[in-house]
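K.L.:
Next up, target_18.csv (CSV, C-alpha atoms).
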chain,number,residue,atom,x,y,z
A,196,MET,CA,-49.0,24.8,-32.9
A,197,ASN,CA,-46.3,26.1,-30.5
A,198,ASN,CA,-42.9,24.7,-31.4
A,199,SER,CA,-41.0,26.7,-28.9
A,200,ILE,CA,-38.2,25.0,-27.0
A,201,VAL,CA,-37.9,25.3,-23.3
A,202,ILE,CA,-34.4,25.6,-22.0
A,203,ARG,CA,-33.8,25.3,-18.2
A,204,LEU,CA,-30.7,26.1,-16.3
A,205,PRO,CA,-29.1,23.2,-14.4
A,206,SER,CA,-30.3,23.0,-10.8
A,207,LYS,CA,-27.8,23.3,-8.0
A,208,LYS,CA,-26.4,19.9,-6.9
A,209,ARG,CA,-27.9,18.7,-3.7
A,210,LEU,CA,-25.1,18.2,-1.2
A,211,ASN,CA,-25.0,15.3,1.2
A,212,ALA,CA,-25.8,15.9,4.9
A,213,GLN,CA,-23.0,17.3,6.8
A,214,VAL,CA,-21.4,15.0,9.4
A,215,PRO,CA,-19.8,16.5,12.5
A,216,LEU,CA,-16.0,16.4,12.6
A,217,SER,CA,-16.2,15.1,16.2
A,218,SER,CA,-16.4,11.6,14.7
A,219,ASN,CA,-13.2,9.8,13.9
A,220,SER,CA,-13.7,9.3,10.2
A,221,PHE,CA,-16.5,9.0,7.7
A,222,LEU,CA,-17.0,8.5,4.0
A,223,ILE,CA,-17.7,11.5,1.7
A,224,THR,CA,-18.3,12.2,-2.0
A,225,PRO,CA,-16.8,14.9,-4.2
A,226,GLY,CA,-18.5,18.3,-3.7
A,227,SER,CA,-19.9,17.5,-0.3
A,228,VAL,CA,-19.6,19.9,2.5
A,229,ILE,CA,-17.1,18.7,5.1
A,230,THR,CA,-17.5,21.6,7.6
A,231,GLU,CA,-18.7,25.2,7.7
A,232,ASP,CA,-16.3,26.2,10.5
A,233,ALA,CA,-13.7,28.6,9.2
A,234,ASP,CA,-11.2,27.6,11.9
A,235,TYR,CA,-10.3,24.3,10.2
A,236,MET,CA,-7.3,24.2,7.8
A,237,ARG,CA,-7.6,22.8,4.3
A,238,GLY,CA,-5.6,19.6,3.6
A,239,HIS,CA,-5.2,17.2,0.7
A,240,GLY,CA,-8.5,16.3,-1.0
A,241,THR,CA,-10.3,19.4,0.0
A,242,TYR,CA,-11.0,22.9,-1.5
A,243,THR,CA,-12.8,26.1,-0.8
A,244,ASN,CA,-14.7,28.6,-2.9
A,245,ASP,CA,-13.3,32.0,-3.9
A,246,ASP,CA,-16.2,33.7,-2.3
A,247,GLU,CA,-15.0,35.4,0.9
A,248,GLU,CA,-18.3,35.0,2.6
A,249,ASP,CA,-18.4,31.2,1.9
A,250,HIS,CA,-16.3,29.5,4.6
A,251,LYS,CA,-17.4,26.0,3.8
A,252,LEU,CA,-14.8,23.3,3.2
A,253,TYR,CA,-15.6,20.9,0.3
A,254,ALA,CA,-14.3,17.4,-0.6
A,255,SER,CA,-12.6,17.1,-4.0
A,256,VAL,CA,-12.3,13.3,-4.0
A,257,ALA,CA,-14.4,10.4,-2.7
A,258,GLY,CA,-12.8,9.0,0.4
A,259,VAL,CA,-12.5,9.0,4.1
A,260,VAL,CA,-12.4,12.3,6.0
A,261,GLU,CA,-9.5,12.5,8.5
A,262,ARG,CA,-8.8,15.2,11.0
A,263,ILE,CA,-5.5,15.9,12.8
A,264,ASN,CA,-6.2,18.8,15.3
A,265,LYS,CA,-7.4,21.6,13.0
A,266,LEU,CA,-6.1,20.0,9.7
A,267,VAL,CA,-8.8,18.3,7.6
A,268,CYS,CA,-8.0,16.1,4.7
A,269,VAL,CA,-9.7,13.4,2.6
A,270,ARG,CA,-7.9,10.1,2.0
A,271,ALA,CA,-9.1,8.8,-1.4
A,272,LEU,CA,-10.4,5.2,-1.4
A,273,LYS,CA,-8.7,4.3,-4.8
A,274,THR,CA,-5.6,6.2,-5.7
A,275,ARG,CA,-2.1,5.7,-6.9
A,276,TYR,CA,0.7,5.4,-4.3
A,277,ASN,CA,2.1,8.7,-3.1
A,278,GLY,CA,5.4,7.9,-1.5
A,279,GLU,CA,6.9,9.4,1.6
A,280,VAL,CA,10.5,9.2,2.8
A,281,GLY,CA,11.0,6.0,4.9
A,282,ASP,CA,8.2,4.0,3.3
A,283,ILE,CA,8.7,0.3,2.7
A,284,VAL,CA,7.9,-0.7,-0.9
A,285,VAL,CA,7.9,-3.8,-3.0
A,286,GLY,CA,8.5,-3.2,-6.7
A,287,ARG,CA,9.4,-5.0,-10.0
A,288,ILE,CA,12.5,-4.1,-12.0
A,289,LYS,CA,11.2,-2.6,-15.3
A,290,GLU,CA,14.4,-1.5,-17.1
A,291,VAL,CA,18.2,-1.5,-16.5
A,292,GLN,CA,19.6,1.9,-17.4
A,293,GLN,CA,23.0,3.6,-17.0
A,294,LYS,CA,23.9,3.3,-13.3
A,295,ARG,CA,20.3,2.8,-12.2
A,296,TRP,CA,17.3,0.5,-12.4
A,297,LYS,CA,13.7,1.7,-13.2
A,298,VAL,CA,11.3,0.1,-10.7
A,299,GLU,CA,7.5,-0.1,-11.0
A,300,THR,CA,6.1,0.7,-7.6
A,301,ASN,CA,2.4,1.4,-8.3
A,302,SER,CA,3.0,5.2,-8.3
A,303,ARG,CA,2.3,7.7,-11.1
A,304,LEU,CA,5.9,7.6,-12.2
A,305,ASP,CA,8.4,4.8,-12.2
A,306,SER,CA,10.8,4.8,-9.3
A,307,VAL,CA,14.6,4.8,-9.5
A,308,LEU,CA,17.1,2.6,-7.7
A,309,HIS,CA,20.6,3.9,-8.3
A,310,LEU,CA,23.7,1.7,-8.4
A,311,SER,CA,25.2,3.7,-5.6
A,312,SER,CA,22.1,2.9,-3.4
A,313,VAL,CA,22.5,-0.9,-3.2
A,314,ASN,CA,24.9,-3.1,-1.3
A,315,LEU,CA,27.7,-4.6,-3.2
A,316,PRO,CA,28.3,-8.4,-2.9
A,317,GLY,CA,30.4,-9.0,0.1
A,318,GLY,CA,29.3,-5.8,1.7
A,319,GLU,CA,32.2,-3.8,0.2
A,320,LEU,CA,32.2,-0.1,0.9
A,321,ARG,CA,33.7,1.6,-2.2
A,322,ARG,CA,32.9,3.8,-5.1
A,323,ARG,CA,31.1,2.0,-7.9
A,324,SER,CA,33.3,1.4,-10.9
A,325,ALA,CA,32.7,0.8,-14.6
A,326,ALA,CA,32.9,-3.0,-13.9
A,327,ASP,CA,30.0,-2.7,-11.5
A,328,GLU,CA,28.0,-1.0,-14.1
A,329,LEU,CA,28.6,-3.7,-16.7
A,330,THR,CA,27.5,-6.4,-14.2
A,331,MET,CA,24.3,-4.7,-13.1
A,332,ARG,CA,22.1,-7.4,-14.7
A,333,GLU,CA,23.9,-10.0,-12.5
A,334,TYR,CA,22.5,-8.2,-9.5
A,335,LEU,CA,19.0,-7.3,-10.7
A,336,LYS,CA,17.4,-7.8,-14.1
A,337,GLU,CA,14.0,-7.1,-15.7
A,338,GLY,CA,11.2,-8.8,-13.9
A,339,ASP,CA,12.9,-9.3,-10.6
A,340,LEU,CA,10.9,-8.3,-7.4
A,341,ILE,CA,12.7,-6.3,-4.8
A,342,SER,CA,11.9,-4.8,-1.4
A,343,ALA,CA,13.3,-1.3,-0.8
A,344,GLU,CA,12.9,1.9,1.2
A,345,VAL,CA,12.0,5.3,-0.1
A,346,GLN,CA,15.1,7.5,0.2
A,347,GLN,CA,13.9,10.7,-1.5
A,348,VAL,CA,10.7,12.1,-3.1
A,349,HIS,CA,11.4,14.4,-6.0
A,350,THR,CA,9.3,17.5,-6.9
A,351,ASP,CA,7.6,15.7,-9.8
A,352,GLY,CA,6.6,12.8,-7.5
A,353,MET,CA,9.3,10.3,-8.6
A,354,LEU,CA,10.8,8.2,-5.9
A,355,SER,CA,14.4,7.3,-5.3
A,356,LEU,CA,14.9,4.0,-3.5
A,357,HIS,CA,17.7,2.3,-1.6
A,358,THR,CA,18.4,-1.3,-0.4
A,359,ARG,CA,21.5,-0.6,1.7
A,360,SER,CA,20.1,-2.5,4.7
A,361,LEU,CA,20.3,-6.3,4.6
A,362,LYS,CA,16.6,-6.6,5.3
A,363,TYR,CA,16.0,-5.3,1.8
A,364,GLY,CA,17.0,-6.7,-1.6
A,365,LYS,CA,15.8,-9.3,-4.1
A,366,LEU,CA,12.7,-11.4,-3.3
A,367,GLY,CA,12.8,-15.1,-4.0
A,368,GLN,CA,10.1,-17.7,-3.8
A,369,GLY,CA,6.7,-16.4,-2.6
A,370,CYS,CA,3.5,-14.7,-3.7
A,371,CYS,CA,2.8,-11.1,-4.5
A,372,VAL,CA,-0.7,-9.6,-3.8
A,373,THR,CA,-1.8,-6.2,-5.1
A,374,VAL,CA,-4.3,-4.1,-3.0
A,375,SER,CA,-5.2,-0.5,-2.8
A,376,PRO,CA,-2.4,1.5,-1.0
A,377,SER,CA,-5.1,3.2,1.1
A,378,LEU,CA,-5.8,-0.1,2.8
A,379,ILE,CA,-2.3,-0.5,4.2
A,380,LYS,CA,-2.2,0.7,7.8
A,381,ARG,CA,0.9,2.8,8.5
A,382,ARG,CA,2.9,1.1,11.3
A,383,LYS,CA,6.4,1.3,12.6
A,384,ASN,CA,7.2,-2.1,11.2
A,385,HIS,CA,5.8,-3.5,7.9
A,386,VAL,CA,7.6,-6.8,7.9
A,387,HIS,CA,5.9,-9.4,10.1
A,388,ASN,CA,6.7,-13.1,10.9
A,389,LEU,CA,3.2,-14.5,11.6
A,390,SER,CA,2.7,-17.4,14.0
A,391,CYS,CA,1.5,-19.6,11.1
A,392,GLY,CA,5.0,-19.8,9.7
A,393,VAL,CA,4.5,-17.1,7.0
A,394,THR,CA,6.4,-13.8,6.6
A,395,ILE,CA,4.5,-10.9,5.0
A,396,ILE,CA,5.8,-7.5,3.8
A,397,LEU,CA,2.8,-5.1,4.0
A,398,ALA,CA,4.4,-2.5,1.6
A,399,ASN,CA,3.1,1.0,1.7
A,400,ASN,CA,2.6,1.0,-2.1
A,401,GLY,CA,-0.1,-1.8,-1.9
A,402,TYR,CA,2.2,-4.7,-3.0
A,403,ILE,CA,2.1,-7.4,-0.3
A,404,TRP,CA,4.8,-10.1,-0.4
A,405,ILE,CA,4.1,-13.4,1.2
A,406,ASN,CA,6.7,-16.1,1.7
A,407,SER,CA,7.5,-18.9,4.1
A,408,THR,CA,9.4,-18.0,7.2
A,409,ALA,CA,11.2,-21.4,7.4
A,410,VAL,CA,12.5,-21.0,3.8
A,411,ASP,CA,13.3,-17.4,3.3
A,412,GLY,CA,13.5,-16.1,-0.2
A,413,THR,CA,16.9,-14.4,0.1
A,414,LYS,CA,20.2,-15.1,1.8
A,415,THR,CA,21.5,-12.1,3.6
A,416,THR,CA,25.1,-13.3,4.3
A,417,GLY,CA,27.8,-11.8,2.2
A,418,ASP,CA,25.9,-11.3,-1.1
A,419,GLY,CA,24.2,-8.0,-0.7
A,420,GLY,CA,20.7,-9.5,-0.8
A,421,PHE,CA,20.9,-10.5,-4.5
A,422,VAL,CA,21.2,-14.3,-4.3
A,423,VAL,CA,17.9,-16.2,-4.3
A,424,ASP,CA,17.3,-19.5,-2.6
A,425,THR,CA,15.7,-21.9,-5.1
A,426,GLU,CA,15.2,-24.8,-2.7
A,427,PRO,CA,11.7,-26.4,-3.1
A,428,VAL,CA,9.1,-25.1,-0.7
A,429,GLN,CA,7.3,-27.7,1.3
A,430,MET,CA,3.6,-28.4,0.6
A,431,ASP,CA,2.5,-27.3,4.1
A,432,ASP,CA,4.3,-24.0,3.6
A,433,ARG,CA,2.7,-23.5,0.2
A,434,GLU,CA,-0.8,-24.1,1.7
A,435,ALA,CA,-0.1,-21.5,4.4
A,436,ILE,CA,1.1,-19.0,1.9
A,437,CYS,CA,-2.1,-19.5,-0.3
A,438,ARG,CA,-4.3,-19.3,2.8
A,439,VAL,CA,-2.8,-16.0,3.9
A,440,ARG,CA,-3.1,-14.7,0.3
A,441,ASN,CA,-6.8,-15.5,0.1
A,442,CYS,CA,-7.4,-14.0,3.5
A,443,ILE,CA,-5.8,-10.7,2.4
A,444,LEU,CA,-8.0,-10.7,-0.7
A,445,CYS,CA,-11.1,-11.3,1.4
A,446,LEU,CA,-10.2,-8.3,3.7
A,447,SER,CA,-9.3,-6.0,0.8
A,448,ARG,CA,-12.6,-6.7,-1.0
A,449,SER,CA,-14.4,-5.5,2.1
A,450,SER,CA,-12.1,-2.5,2.5
A,451,VAL,CA,-10.7,-3.7,5.8
A,452,MET,CA,-7.4,-2.1,6.9
A,453,LEU,CA,-4.5,-4.5,6.5
A,454,TYR,CA,-1.9,-4.9,9.2
A,455,ASP,CA,-0.5,-7.9,11.1
A,456,THR,CA,-3.3,-8.3,13.6
A,457,SER,CA,-6.2,-8.2,11.0
A,458,VAL,CA,-4.4,-10.7,8.7
A,459,LEU,CA,-3.7,-13.0,11.6
A,460,TYR,CA,-7.4,-12.9,12.8
A,461,ALA,CA,-8.6,-13.6,9.3
A,462,TYR,CA,-6.2,-16.5,9.1
A,463,GLU,CA,-7.5,-18.0,12.3
A,464,ALA,CA,-11.1,-17.6,11.2
A,465,SER,CA,-10.3,-19.3,7.9
A,466,LEU,CA,-8.9,-22.5,9.4
A,467,GLN,CA,-12.3,-24.2,9.4
A,468,TYR,CA,-12.5,-24.0,5.6
A,469,GLN,CA,-10.4,-25.3,2.7
A,470,VAL,CA,-8.1,-22.8,1.0
A,471,LYS,CA,-10.1,-22.9,-2.3
A,472,GLU,CA,-13.3,-22.1,-0.4
A,473,LEU,CA,-12.1,-18.8,1.0
A,474,LEU,CA,-12.9,-16.9,-2.2
A,475,LEU,CA,-16.5,-17.8,-2.2
A,476,ASP,CA,-18.7,-14.8,-1.4
A,477,GLU,CA,-20.6,-16.2,1.6
A,478,ILE,CA,-17.5,-17.7,3.2
A,479,ALA,CA,-15.4,-14.5,2.6
A,480,THR,CA,-18.2,-12.4,4.2
A,481,GLU,CA,-18.2,-14.7,7.3
A,482,ILE,CA,-14.4,-14.5,7.6
A,483,VAL,CA,-14.6,-10.7,7.4
A,484,ASP,CA,-17.4,-10.4,10.0
A,485,GLN,CA,-15.4,-12.6,12.4
A,486,THR,CA,-12.3,-10.6,11.9
A,487,LEU,CA,-14.1,-7.3,12.4
A,488,SER,CA,-15.7,-8.6,15.6
A,489,LEU,CA,-12.3,-9.7,17.0
A,490,LEU,CA,-10.8,-6.3,16.1
A,491,GLU,CA,-13.6,-4.5,17.7
A,492,ARG,CA,-13.4,-6.6,20.8
A,493,GLU,CA,-9.6,-5.9,21.0
A,494,SER,CA,-10.1,-2.2,20.6
A,495,SER,CA,-12.8,-2.0,23.3
A,496,GLY,CA,-10.6,-4.1,25.6
A,497,ASN,CA,-7.7,-1.7,25.1
A,498,GLY,CA,-9.9,1.3,25.6
Can the structure in the file be given as structure tokens, please?
P.N.:
Amino acid sequence: MNNSIVIRLPSKKRLNAQVPLSSNSFLITPGSVITEDADYMRGHGTYTNDDEEDHKLYASVAGVVERINKLVCVRALKTRYNGEVGDIVVGRIKEVQQKRWKVETNSRLDSVLHLSSVNLPGGELRRRSAADELTMREYLKEGDLISAEVQQVHTDGMLSLHTRSLKYGKLGQGCCVTVSPSLIKRRKNHVHNLSCGVTIILANNGYIWINSTAVDGTKTTGDGGFVVDTEPVQMDDREAICRVRNCILCLSRSSVMLYDTSVLYAYEASLQYQVKELLLDEIATEIVDQTLSLLERESSGNG
């Protein structure tokens, strides 16, 4: 009786079919060949072999291939937020430290908001004193939600924030929705007053803040953006906020890019249903299909 053991070497992984880079974007999996053309430059999410004869460009993450002239990169579908200077973020105060706040912004490391990077009550322009440091919790305390702008990105990836503009500061009454940062479409403006009476902040870090336009969550006159309006929100405004929130969840589940137009189209498509029905799978699919058809019609009309 032959009791010999057969050992086989692992076979080479079968790579996916290569898609021409002439298309705008396409999905790809790790290890797949993006292109065999040596003229393209390697960007984020790609790698090459050490073999000098192998000019193929491979994907290191699963995501969407994007090309800017000769630069090729892969944008991961699910990833932590990688901040850039000028990004609008929504974060939650995690800890009050000496002359700074630690802020959770959905990135690999906690972000930092220095005391010198916020507006003082009354808009005073002066150096921060020891008295200001002792009253930091009167401005922001643990658990508070804020909107801010990325001022600096450190070498280790940590972000420094600032709220020197009156459009930033402490967020009051509203709803916060968390989506993947890759679904937020980069635009010049990320704060939108929708025609339905709702204001949304489509933050680059994937935290979306929704509140009523009629009853803004913060007062921006003479307080540095730290005083929160606690007046009751009307029932109609609450329903509009909940409807926008459910529309955003429907779009994010189908990996639809989120910006003011897509959210507004989804809101208009959802008006024939009750708010609680929007999270049902069949209704959510119908809303997404109507939104995509409207976006496609708009893009073809502009083209």
K.L.:
For region 459-471 of chain A, find every residue with an atom within 6 Å (counting all atoms listed in the file), except residues of its own chain fewer than 4 positions away, and show them as a PyMOL selection string.
P.N.:
chain A and resi 438+442+482+486
K.L.:
Grab the residues selected above and save them as a PDB file, keeping the file's coordinate frame with C-alpha atoms.
P.N.:
ATOM      1  CA  ARG A 438      -4.300 -19.300   2.800  1.00  0.00           C
ATOM      2  CA  CYS A 442      -7.400 -14.000   3.500  1.00  0.00           C
ATOM      3  CA  ILE A 482     -14.400 -14.500   7.600  1.00  0.00           C
ATOM      4  CA  THR A 486     -12.300 -10.600  11.900  1.00  0.00           C
TER       5      THR A 486
END
K.L.:
Once you count all atoms listed in the file, what closest atom pair and distance in Å to one decimal does each residue of region 259-285 of chain A within 7 Å of region 369-392 of chain A have, with rows by chain and rising residue number, as CSV?
P.N.:
residue,atom,partner,partner_atom,distance
A:Leu272,CA,A:Ser377,CA,6.2
A:Lys273,CA,A:Ser375,CA,6.3
A:Tyr276,CA,A:Pro376,CA,6.0
K.L.:
With all atoms listed in the file counted and 6 Å as the cut-off, give the residues of region 351-453 of chain A in contact with region 321-342 of chain A, each with its shortest interatomic distance in Å and the pair that gives it, as a tab-separated table.
P.N.:
residue	atom	partner	partner_atom	distance
A:Tyr363	CA	A:Ser342	CA	5.2
A:Gly364	CA	A:Ile341	CA	5.4
A:Lys365	CA	A:Ile341	CA	4.4
A:Leu366	CA	A:Ile341	CA	5.3
A:Phe421	CA	A:Tyr334	CA	5.7
K.L.:
Output C-alpha atoms for every residue in that selection, as a short mmCIF file (atom, residue, chain, number, x, y, z; two decimals), in the frame of the given file.
P.N.:
data_model
loop_
_atom_site.label_atom_id
_atom_site.label_comp_id
_atom_site.auth_asym_id
_atom_site.auth_seq_id
_atom_site.Cartn_x
_atom_site.Cartn_y
_atom_site.Cartn_z
CA TYR A 363 16.00 -5.30 1.80
CA GLY A 364 17.00 -6.70 -1.60
CA LYS A 365 15.80 -9.30 -4.10
CA LEU A 366 12.70 -11.40 -3.30
CA PHE A 421 20.90 -10.50 -4.50
#
K.L.:
Just the number, please: distance in Å from CA of Val307 (chain A) to CA of Ser355 (chain A), one decimal.
P.N.:
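Between CA of Val307 (chain A) and CA of Ser355 (chain A) the gap works out to 4.9 Å.
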K.L.:
May I have the residues within 8 Å of Lys251 (chain A) as JSON, numbers by chain, using all atoms listed in the file and disregarding those fewer than 6 positions away in the same chain?
P.N.:
{"A": [228, 229, 230, 231, 232, 233, 243, 244]}
K.L.:
For the selection just defined, write its residues with C-alpha atoms to a file, as a compact mmCIF listing (two decimals), keeping the file's coordinate frame.
P.N.:
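Writing the result to result27.txt gives the following:
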# COMPACT_ATOMS: atom_id res chain seq x y z
CA VAL A 228 -19.60 19.90 2.50
CA ILE A 229 -17.10 18.70 5.10
CA THR A 230 -17.50 21.60 7.60
CA GLU A 231 -18.70 25.20 7.70
CA ASP A 232 -16.30 26.20 10.50
CA ALA A 233 -13.70 28.60 9.20
CA THR A 243 -12.80 26.10 -0.80
CA ASN A 244 -14.70 28.60 -2.90
K.L.:
Place a sphere of radius 12 Å on (-13.6, -12.3, -3.8) in the file coordinates and name every protein, DNA or RNA residue with an atom inside or on its surface, counting only C-alpha atoms; give the answer as a VMD selection string.
P.N.:
chain A and resid 440 to 450 471 to 480 482 to 483
K.L.:
Mind pulling up the distance from CA of Asp424 (chain A) to CA of Pro316 (chain A)?
P.N.:
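Computing it gives 15.6 Å between the two atoms.
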K.L.:
From the options A:Ile405, A:Ile288, A:Leu487, A:Leu315, which residue's atoms come nearest to Leu361 (chain A), counting only C-alpha atoms?
P.N.:
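Among the listed residues, the smallest separation from Leu361 (chain A) belongs to A:Leu315.
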K.L.:
With distances taken over only C-alpha atoms, which residue among A:Val298, A:Val291, A:Met452, A:Val260 lies nearest Gly401 (chain A)?
P.N.:
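Among the listed residues, A:Met452 lies closest to Gly401 (chain A).
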K.L.:
Pick the closest to Pro225 (chain A) from A:Glu279, A:Ser311, A:Tyr402, A:Ala271: which is it, counting only C-alpha atoms?
P.N.:
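Smallest separation from Pro225 (chain A) among the options: A:Ala271.
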K.L.:
Using Å and a single decimal, report how far CA of Ile263 (chain A) sits from CA of Met353 (chain A).
P.N.:
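Distance reported for this atom pair: 26.6 Å.
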K.L.:
Using only C-alpha atoms, give me every residue within 6 Å of (9.1, -9.8, 2.3) in file coordinates, as a list in words.
P.N.:
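Residues satisfying the cut-off, written out: Ile395, Ile396 and Trp404 of chain A.
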K.L.:
Kindly complete region 343-364 of chain A to N, CA, C and O atoms; the output should be written as a compact mmCIF listing (two decimals), in the coordinates of the input.
P.N.:
# COMPACT_ATOMS: atom_id res chain seq x y z
N ALA A 343 12.44 -2.48 -0.90
CA ALA A 343 13.30 -1.30 -0.80
C ALA A 343 12.67 -0.30 0.13
O ALA A 343 11.52 -0.47 0.57
N GLU A 344 13.41 0.75 0.40
CA GLU A 344 12.90 1.90 1.20
C GLU A 344 13.02 3.15 0.41
O GLU A 344 13.97 3.34 -0.36
N VAL A 345 12.03 4.01 0.57
CA VAL A 345 12.00 5.30 -0.10
C VAL A 345 13.07 6.21 0.50
O VAL A 345 12.99 6.51 1.70
N GLN A 346 14.03 6.63 -0.30
CA GLN A 346 15.10 7.50 0.20
C GLN A 346 14.80 8.97 -0.04
O GLN A 346 15.13 9.82 0.79
N GLN A 347 14.15 9.27 -1.18
CA GLN A 347 13.90 10.70 -1.50
C GLN A 347 12.67 10.74 -2.42
O GLN A 347 12.43 9.85 -3.24
N VAL A 348 11.88 11.80 -2.24
CA VAL A 348 10.70 12.10 -3.10
C VAL A 348 11.02 13.35 -3.86
O VAL A 348 11.20 14.42 -3.26
N HIS A 349 11.10 13.26 -5.19
CA HIS A 349 11.40 14.40 -6.00
C HIS A 349 10.18 15.31 -6.19
O HIS A 349 9.05 14.93 -5.87
N THR A 350 10.40 16.50 -6.71
CA THR A 350 9.30 17.50 -6.90
C THR A 350 8.23 17.00 -7.81
O THR A 350 7.06 17.37 -7.66
N ASP A 351 8.59 16.18 -8.80
CA ASP A 351 7.60 15.70 -9.80
C ASP A 351 6.89 14.41 -9.25
O ASP A 351 6.05 13.85 -9.94
N GLY A 352 7.24 13.95 -8.04
CA GLY A 352 6.60 12.80 -7.50
C GLY A 352 7.39 11.49 -7.67
O GLY A 352 7.00 10.44 -7.14
N MET A 353 8.49 11.53 -8.43
CA MET A 353 9.30 10.30 -8.60
C MET A 353 10.04 9.96 -7.37
O MET A 353 10.49 10.83 -6.63
N LEU A 354 10.16 8.66 -7.11
CA LEU A 354 10.80 8.20 -5.90
C LEU A 354 12.16 7.63 -6.15
O LEU A 354 12.39 6.95 -7.16
N SER A 355 13.09 7.93 -5.25
CA SER A 355 14.40 7.30 -5.30
C SER A 355 14.46 6.30 -4.12
O SER A 355 14.14 6.62 -2.97
N LEU A 356 14.87 5.08 -4.46
CA LEU A 356 14.90 4.00 -3.50
C LEU A 356 16.29 3.62 -3.08
O LEU A 356 17.26 4.02 -3.73
N HIS A 357 16.40 2.84 -2.01
CA HIS A 357 17.70 2.30 -1.60
C HIS A 357 17.46 0.94 -0.96
O HIS A 357 16.39 0.66 -0.39
N THR A 358 18.47 0.06 -1.06
CA THR A 358 18.40 -1.30 -0.40
C THR A 358 19.71 -1.49 0.36
O THR A 358 20.26 -2.60 0.35
N ARG A 359 20.18 -0.46 1.03
CA ARG A 359 21.50 -0.60 1.70
C ARG A 359 21.38 -1.46 2.96
O ARG A 359 22.38 -1.98 3.41
N SER A 360 20.20 -1.64 3.53
CA SER A 360 20.10 -2.50 4.70
C SER A 360 19.91 -3.97 4.19
O SER A 360 19.34 -4.24 3.12
N LEU A 361 20.41 -4.93 4.98
CA LEU A 361 20.30 -6.30 4.60
C LEU A 361 18.91 -6.88 4.64
O LEU A 361 18.66 -7.97 4.13
N LYS A 362 17.97 -6.16 5.26
CA LYS A 362 16.60 -6.60 5.30
C LYS A 362 15.88 -6.33 3.95
O LYS A 362 14.75 -6.78 3.74
N TYR A 363 16.52 -5.55 3.08
CA TYR A 363 16.00 -5.30 1.80
C TYR A 363 16.76 -6.05 0.71
O TYR A 363 17.82 -6.60 0.99
N GLY A 364 16.25 -6.07 -0.51
CA GLY A 364 17.00 -6.70 -1.60
C GLY A 364 16.02 -7.50 -2.49
O GLY A 364 14.81 -7.25 -2.54
